[in-house]
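Notes follow the structure.
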Amino acid sequence: MNFCVHKDSGKEIHGYFVPDGFSATPKIHVRINGEEEFTEITCWIFLQGAIDQGAHETGNVAFILSDDNIPGISKAKQVELSDPDSGLVFYRRAQPGQYIPKKVFRLETAYVPQSEIDLAVRPHFQFFEHRVENYGFETVRQMLEIIHQPSVYVSGRVLLKNYLLYINYNINLTLVSLRDPFYELATRLIVFSRYSKHRFKLVTERDKSLYQPVMEYFDGLDLQDGSQVRKVIRRAPKDTLNLLSSPFTQQLVASSPSDLPKLDDVSQALDALSQFSLFETGQDHASYPANITQILGLPQESIQVRPQLEPVHQLADILREINTVEHLLEADLVLYHFIQKAEQRASAPVKVR
């Protein structure tokens, strides 16, 4: 979808909304002053650009909101415009000083997202959306391209390379954190091996298709049984295991989820990490949220994160002993090694001669 609010004079709000469906009728939901009830507006104003770009069949995608079609909107302090299908709120009216005047992108690298970080900062941003991996490319691109709102926060587990163009020219603060590759793989194995019974909501529709061979092969595996885990992994089909190959490196350099990360990609991944405003190695789980609060000017301890789980650590320790896994994570392990070495050099005391 594409969306934009380019004018809010108080009396009127001007914008457009292009739904995902080429022939779908563009409609928006308007809610004022936090009321539960909303008003549905069908967009009616023609935009030639929507036709020229092949975005919509009729081009009738724009709207003007006023007291004529939304009674009370001219005096409302709170106005929210949203997509009726996904519920995405693409515009909030801002009062002076209400929101942090920064455009922030947080790259989520953990398969089980640290949503507590995002939700903690949500009230401080005019536009906010997290877990954007649930949306299509055009929708995420539009989020990163918002220019008429100075307060934007976007977070998700996406392939960085596909969005660098939009991040570089419109986002002024980027955040990322990595963690032990064995712990991350353990997390993914736990989720995928239990998905048939638990249907975790964090697994997107695309991931269901992509990781189906992994889910089927590891389904029901007792991950506390070290000997069984070793046997199953060593016998796993290569194509199935490759789907779990070095996810950090892949996320930083690949343009498609089918691109297998290679050892040669590590230097490019390191370069990508060096361009982030805030990068954490994940050694201390408390430092990442603390540094985010500092860089955003929020009160200390306003972001609390869940501690890492001991059962995941136990599985990670089993995985460390399997040569197949070490090869599977080769690029990530080299990447993480360089990161740790750089951190050690940075924290080492300066020798005075």
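Following the order of the structure tokens, first chain is A, next is B, and so on, with residues numbered from 1 inside each chain and ligands from 1 in the order they appear.
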
Next item on the list: Please give the complete set of residues from segment 53-269 of chain A that DSSP, run on the backbone, assigns to strand (DSSP E), formatted as a count of residues only.
Entry: 32

Next item on the list: Name all residues at most 9 Å from Leu189 of chain A (count only C-alpha atoms; drop same-chain ones fewer than 6 positions away) and give them as a list in words.
Entry: Val214, Met215, Phe218, Leu223 and Leu244 of chain A

Could you write out that same residue set with C-alpha atoms as a PDB file, in the first residue's frame?
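And here's out-v3.pdb as it stands now:
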```
ATOM      1  CA  VAL A 214      12.665 -27.039   8.457  1.00  0.00           C
ATOM      2  CA  MET A 215       9.353 -27.233  10.305  1.00  0.00           C
ATOM      3  CA  PHE A 218      12.455 -30.948  13.026  1.00  0.00           C
ATOM      4  CA  LEU A 223      15.561 -30.450  21.910  1.00  0.00           C
ATOM      5  CA  LEU A 244      19.140 -21.744   8.693  1.00  0.00           C
TER       6      LEU A 244
END
```

Item checked: Residue among A:Lys208, A:His56, A:Arg106, A:His313 lying closest to Asp20 of chain A, counting only C-alpha atoms -> A:His56

Checklist line | Minimum-distance residue to Leu144 of chain A, chosen among A:Ser277, A:Gln251, A:Asn291, A:Asn2 (using only C-alpha atoms) | finding: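 Closest to Leu144 of chain A, using only C-alpha atoms: A:Asn2.
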
Next item on the list: Return the single residue from A:Ser9, A:Gln48, A:Gln142, A:Thr25 that is closest to Ile73 of chain A, with distances computed using only C-alpha atoms.
Entry: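 Distance minimum relative to Ile73 of chain A lands on A:Ser9.
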